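This report concerns only the one structure given below.
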Amino acid sequence: MQHAKFSFHRDLGGLEVLHNIDKKEDFGRHSHSGYTLALVESGAQKFYRSGGEHVAQQHSIILINAEQVHDCRKASAGPSSYRSLYPTPELFNQLLGSGSAIAPFFQDAVVHDPTLVQLMNATFNILESENGLLTKQSQLVALLSYLSQKQGNVRLEGKQKSVKARIRTAQQFLLDNLFEEVSLDKLASLVDMSPFYFIRVFKSQTGLTPHAFQIQHRLNHAKALMRCGKSVAHAALTVGFYDQSHFNRHFKKNMGITPSQYSKAC
């Protein structure tokens with residue numbers, strides 16, 4: 001039977017940790033404000049990232065950059081489980097002392113590194129125990145430092161600059177008007193594109209349609225409200241979900257747990 005164990009570490013910059021045991025549900029395309037660092041414990045996972053499909057077998061590491069659109073599907077016949085944590089770029093910079101505010105970019109979606117597996121296992125075990133803050137921070141620094149040095153790349157591609165800039169403008173407009181109904185015509189005219197071309201380019205650049213992008217960030221905002229102690233119903237209504245079942249469905253598809261489970265853990 002599938003079981004998901006979620007924990008929220010306010011003393012570690014709001015670090016989220018998920019243990020998905022015998023995962024059966026598929027997750028549709030979504031993104032997180034933090035990185036996804038996942039260790040496949042058993043079975044295998046198939047997922048979309050960086051415009052392509054990837055398969056992560058047992059004892060491999062899944063690396064997904066912050067805000068990078070991805071999905072996740074079971075890829076093995078037997079039980080399939082993984083543990084993941086979601087450090088934000090700000091947490092990387094805070095713990096690693098990067099004054100230039102440059103968080104790493106992970107080019108590879110799946111890596112095979114026994115040392116990294118050991119570091120991740122140790123990190124998960126320490127975060128689940130009653131160790132003090134210094135112990136947790138020290139272990140996180142060890143993990144993130146190794147990850148940045150061995151797998152990180154701070155140089156991002158600069159191709160299609162004008163198109164990317166226009167899509168970033170549209171993304172920012174959606175974020176600035178997150179809880180309002182924004183028409184496709186409005187977005188397309190904002191960046192001087194036809195509606196059809198805009199949707200195609202937006203999805204090619206972000207991995208999501210404009211509507212899915214809006215839903216994703218409404219969910220992120222709802223999570224922030226629940227972390228501040230607001231009720232599930234209040235969070236859903238505040239971000240524009242007037243149908244509770246609609247909110248629950250989108251949330252579980254995104255996180256693998258219900259809003260109530262998330263709220264309780266926070």
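In the structure tokens, chains take the letters A, B, ... in the order shown, each chain's residues start at 1, and ligands count up from 1 in the order shown.
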- If you count only C-alpha atoms, which residues fall within 12 Å of Ala142 of chain A, apart from same-chain ones fewer than 6 positions away, as a PyMOL selection string? chain A and resi 92+95-96+115-116+118-120+122-123+135-136+148-149
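Excluding segment 168-172 of chain A itself and same-chain residues fewer than 4 positions from it, the residues having an atom within 9 Å of it are Val163, Lys164, Asp176, Asn177, Leu187, Ala188, Leu190, Val191, Phe202, Pro210, Phe213 and Gln214 of chain A, counting only C-alpha atoms.
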Selected residues, N, CA, C and O atoms, written as a compact mmCIF listing (two decimals), in the first residue's frame, please.
# COMPACT_ATOMS: atom_id res chain seq x y z
N VAL A 163 13.38 35.80 -27.21
CA VAL A 163 12.19 34.99 -26.95
C VAL A 163 12.09 34.67 -25.47
O VAL A 163 11.02 34.78 -24.86
N LYS A 164 13.21 34.28 -24.87
CA LYS A 164 13.20 33.95 -23.44
C LYS A 164 12.82 35.17 -22.61
O LYS A 164 12.10 35.07 -21.62
N ASP A 176 2.37 38.43 -11.09
CA ASP A 176 1.87 39.68 -10.52
C ASP A 176 0.35 39.70 -10.45
O ASP A 176 -0.23 40.48 -9.68
N ASN A 177 -0.31 38.88 -11.27
CA ASN A 177 -1.77 38.82 -11.30
C ASN A 177 -2.24 37.39 -11.05
O ASN A 177 -3.15 36.88 -11.69
N LEU A 187 -2.18 38.11 -22.57
CA LEU A 187 -0.80 37.65 -22.44
C LEU A 187 -0.06 37.73 -23.77
O LEU A 187 1.08 38.19 -23.84
N ALA A 188 -0.72 37.27 -24.81
CA ALA A 188 -0.07 37.26 -26.13
C ALA A 188 0.24 38.67 -26.62
O ALA A 188 1.33 38.93 -27.16
N LEU A 190 0.73 41.23 -24.79
CA LEU A 190 1.75 41.80 -23.90
C LEU A 190 3.15 41.57 -24.44
O LEU A 190 4.04 42.42 -24.29
N VAL A 191 3.34 40.42 -25.09
CA VAL A 191 4.68 40.08 -25.60
C VAL A 191 4.73 40.09 -27.13
O VAL A 191 5.66 39.56 -27.74
N PHE A 202 5.53 29.47 -25.12
CA PHE A 202 5.51 29.43 -23.65
C PHE A 202 5.74 28.00 -23.16
O PHE A 202 6.55 27.76 -22.26
N PRO A 210 0.35 28.31 -20.14
CA PRO A 210 0.17 29.44 -19.22
C PRO A 210 -0.79 29.11 -18.07
O PRO A 210 -0.55 29.49 -16.93
N PHE A 213 0.95 26.86 -15.59
CA PHE A 213 1.91 27.68 -14.85
C PHE A 213 1.21 28.45 -13.73
O PHE A 213 1.69 28.52 -12.60
N GLN A 214 0.05 29.02 -14.05
CA GLN A 214 -0.73 29.76 -13.06
C GLN A 214 -1.16 28.85 -11.91
O GLN A 214 -1.04 29.22 -10.73
- Backbone-only DSSP, helix (DSSP H, G or I) members of segment 169-219 of chain A, as a PyMOL selection string: chain A and resi 169-176+184-190+195-206+210-219
Keeping only N, CA and C atoms, write those residues as an mmCIF file, in the first residue's frame.
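What follows is the written file again00.cif:
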data_model
loop_
_atom_site.group_PDB
_atom_site.id
_atom_site.type_symbol
_atom_site.label_atom_id
_atom_site.label_comp_id
_atom_site.auth_asym_id
_atom_site.auth_seq_id
_atom_site.Cartn_x
_atom_site.Cartn_y
_atom_site.Cartn_z
ATOM 1 N N THR A 169 8.736 37.887 -19.318
ATOM 2 C CA THR A 169 7.800 38.996 -19.096
ATOM 3 C C THR A 169 6.392 38.465 -18.859
ATOM 4 N N ALA A 170 5.987 37.486 -19.678
ATOM 5 C CA ALA A 170 4.661 36.890 -19.521
ATOM 6 C C ALA A 170 4.551 36.139 -18.191
ATOM 7 N N GLN A 171 5.606 35.425 -17.825
ATOM 8 C CA GLN A 171 5.604 34.713 -16.540
ATOM 9 C C GLN A 171 5.449 35.706 -15.379
ATOM 10 N N GLN A 172 6.190 36.796 -15.446
ATOM 11 C CA GLN A 172 6.114 37.784 -14.370
ATOM 12 C C GLN A 172 4.734 38.408 -14.292
ATOM 13 N N PHE A 173 4.119 38.642 -15.441
ATOM 14 C CA PHE A 173 2.762 39.200 -15.450
ATOM 15 C C PHE A 173 1.781 38.227 -14.786
ATOM 16 N N LEU A 174 1.928 36.944 -15.091
ATOM 17 C CA LEU A 174 1.073 35.942 -14.455
ATOM 18 C C LEU A 174 1.288 35.906 -12.947
ATOM 19 N N LEU A 175 2.527 36.040 -12.524
ATOM 20 C CA LEU A 175 2.820 36.038 -11.085
ATOM 21 C C LEU A 175 2.278 37.296 -10.402
ATOM 22 N N ASP A 176 2.370 38.427 -11.089
ATOM 23 C CA ASP A 176 1.867 39.681 -10.522
ATOM 24 C C ASP A 176 0.346 39.698 -10.447
ATOM 25 N N LEU A 184 -5.845 34.781 -22.557
ATOM 26 C CA LEU A 184 -4.754 34.426 -23.463
ATOM 27 C C LEU A 184 -4.419 35.604 -24.374
ATOM 28 N N ASP A 185 -5.461 36.294 -24.848
ATOM 29 C CA ASP A 185 -5.236 37.448 -25.723
ATOM 30 C C ASP A 185 -4.400 38.523 -25.030
ATOM 31 N N LYS A 186 -4.677 38.736 -23.749
ATOM 32 C CA LYS A 186 -3.939 39.737 -22.980
ATOM 33 C C LYS A 186 -2.463 39.367 -22.887
ATOM 34 N N LEU A 187 -2.182 38.107 -22.567
ATOM 35 C CA LEU A 187 -0.803 37.654 -22.437
ATOM 36 C C LEU A 187 -0.065 37.730 -23.768
ATOM 37 N N ALA A 188 -0.716 37.273 -24.812
ATOM 38 C CA ALA A 188 -0.074 37.258 -26.132
ATOM 39 C C ALA A 188 0.243 38.666 -26.620
ATOM 40 N N SER A 189 -0.706 39.582 -26.420
ATOM 41 C CA SER A 189 -0.479 40.958 -26.869
ATOM 42 C C SER A 189 0.605 41.635 -26.035
ATOM 43 N N LEU A 190 0.731 41.233 -24.786
ATOM 44 C CA LEU A 190 1.747 41.804 -23.904
ATOM 45 C C LEU A 190 3.155 41.575 -24.442
ATOM 46 N N PRO A 195 -1.824 34.544 -30.212
ATOM 47 C CA PRO A 195 -2.175 33.606 -29.126
ATOM 48 C C PRO A 195 -1.673 32.187 -29.379
ATOM 49 N N PHE A 196 -1.847 31.683 -30.603
ATOM 50 C CA PHE A 196 -1.417 30.321 -30.915
ATOM 51 C C PHE A 196 0.100 30.181 -30.762
ATOM 52 N N TYR A 197 0.838 31.119 -31.330
ATOM 53 C CA TYR A 197 2.295 31.066 -31.254
ATOM 54 C C TYR A 197 2.765 31.233 -29.804
ATOM 55 N N PHE A 198 2.085 32.108 -29.056
ATOM 56 C CA PHE A 198 2.462 32.348 -27.666
ATOM 57 C C PHE A 198 2.358 31.066 -26.841
ATOM 58 N N ILE A 199 1.242 30.350 -26.962
ATOM 59 C CA ILE A 199 1.073 29.116 -26.192
ATOM 60 C C ILE A 199 2.177 28.116 -26.543
ATOM 61 N N ARG A 200 2.463 27.989 -27.830
ATOM 62 C CA ARG A 200 3.483 27.030 -28.276
ATOM 63 C C ARG A 200 4.863 27.398 -27.729
ATOM 64 N N VAL A 201 5.222 28.691 -27.809
ATOM 65 C CA VAL A 201 6.532 29.119 -27.321
ATOM 66 C C VAL A 201 6.601 29.053 -25.791
ATOM 67 N N PHE A 202 5.530 29.468 -25.122
ATOM 68 C CA PHE A 202 5.508 29.427 -23.654
ATOM 69 C C PHE A 202 5.741 27.999 -23.162
ATOM 70 N N LYS A 203 5.047 27.038 -23.777
ATOM 71 C CA LYS A 203 5.196 25.640 -23.346
ATOM 72 C C LYS A 203 6.573 25.102 -23.685
ATOM 73 N N SER A 204 7.124 25.492 -24.838
ATOM 74 C CA SER A 204 8.461 25.004 -25.207
ATOM 75 C C SER A 204 9.529 25.560 -24.269
ATOM 76 N N GLN A 205 9.312 26.777 -23.751
ATOM 77 C CA GLN A 205 10.289 27.411 -22.862
ATOM 78 C C GLN A 205 10.134 26.964 -21.407
ATOM 79 N N THR A 206 8.902 26.709 -20.967
ATOM 80 C CA THR A 206 8.652 26.427 -19.550
ATOM 81 C C THR A 206 8.224 24.994 -19.274
ATOM 82 N N PRO A 210 0.354 28.310 -20.143
ATOM 83 C CA PRO A 210 0.166 29.438 -19.223
ATOM 84 C C PRO A 210 -0.792 29.106 -18.072
ATOM 85 N N HIS A 211 -1.867 28.382 -18.380
ATOM 86 C CA HIS A 211 -2.828 28.024 -17.329
ATOM 87 C C HIS A 211 -2.191 27.095 -16.295
ATOM 88 N N ALA A 212 -1.438 26.078 -16.763
ATOM 89 C CA ALA A 212 -0.783 25.158 -15.832
ATOM 90 C C ALA A 212 0.262 25.891 -14.989
ATOM 91 N N PHE A 213 0.950 26.856 -15.586
ATOM 92 C CA PHE A 213 1.914 27.680 -14.855
ATOM 93 C C PHE A 213 1.209 28.448 -13.732
ATOM 94 N N GLN A 214 0.050 29.017 -14.049
ATOM 95 C CA GLN A 214 -0.725 29.764 -13.061
ATOM 96 C C GLN A 214 -1.163 28.851 -11.910
ATOM 97 N N ILE A 215 -1.665 27.653 -12.242
ATOM 98 C CA ILE A 215 -2.100 26.694 -11.226
ATOM 99 C C ILE A 215 -0.932 26.310 -10.326
ATOM 100 N N GLN A 216 0.226 26.048 -10.943
ATOM 101 C CA GLN A 216 1.406 25.647 -10.176
ATOM 102 C C GLN A 216 1.766 26.691 -9.116
ATOM 103 N N HIS A 217 1.780 27.949 -9.511
ATOM 104 C CA HIS A 217 2.195 28.984 -8.574
ATOM 105 C C HIS A 217 1.099 29.327 -7.568
ATOM 106 N N ARG A 218 -0.149 29.092 -7.912
ATOM 107 C CA ARG A 218 -1.216 29.203 -6.916
ATOM 108 C C ARG A 218 -1.014 28.147 -5.822
ATOM 109 N N LEU A 219 -0.637 26.951 -6.239
ATOM 110 C CA LEU A 219 -0.361 25.891 -5.269
ATOM 111 C C LEU A 219 0.837 26.251 -4.390
#
- Item | Spatial neighbours of segment 243-260 of chain A, 7 Å, only C-alpha atoms, chain gap at least 3 places, as JSON, numbers by chain | {"A": [4, 27, 28, 30, 219, 232, 236, 263, 264]}
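Residue nearest Ser60 of chain A, chosen from A:Leu91, A:Asn20, A:Asp108, A:Glu25 and counting only C-alpha atoms: A:Asp108.
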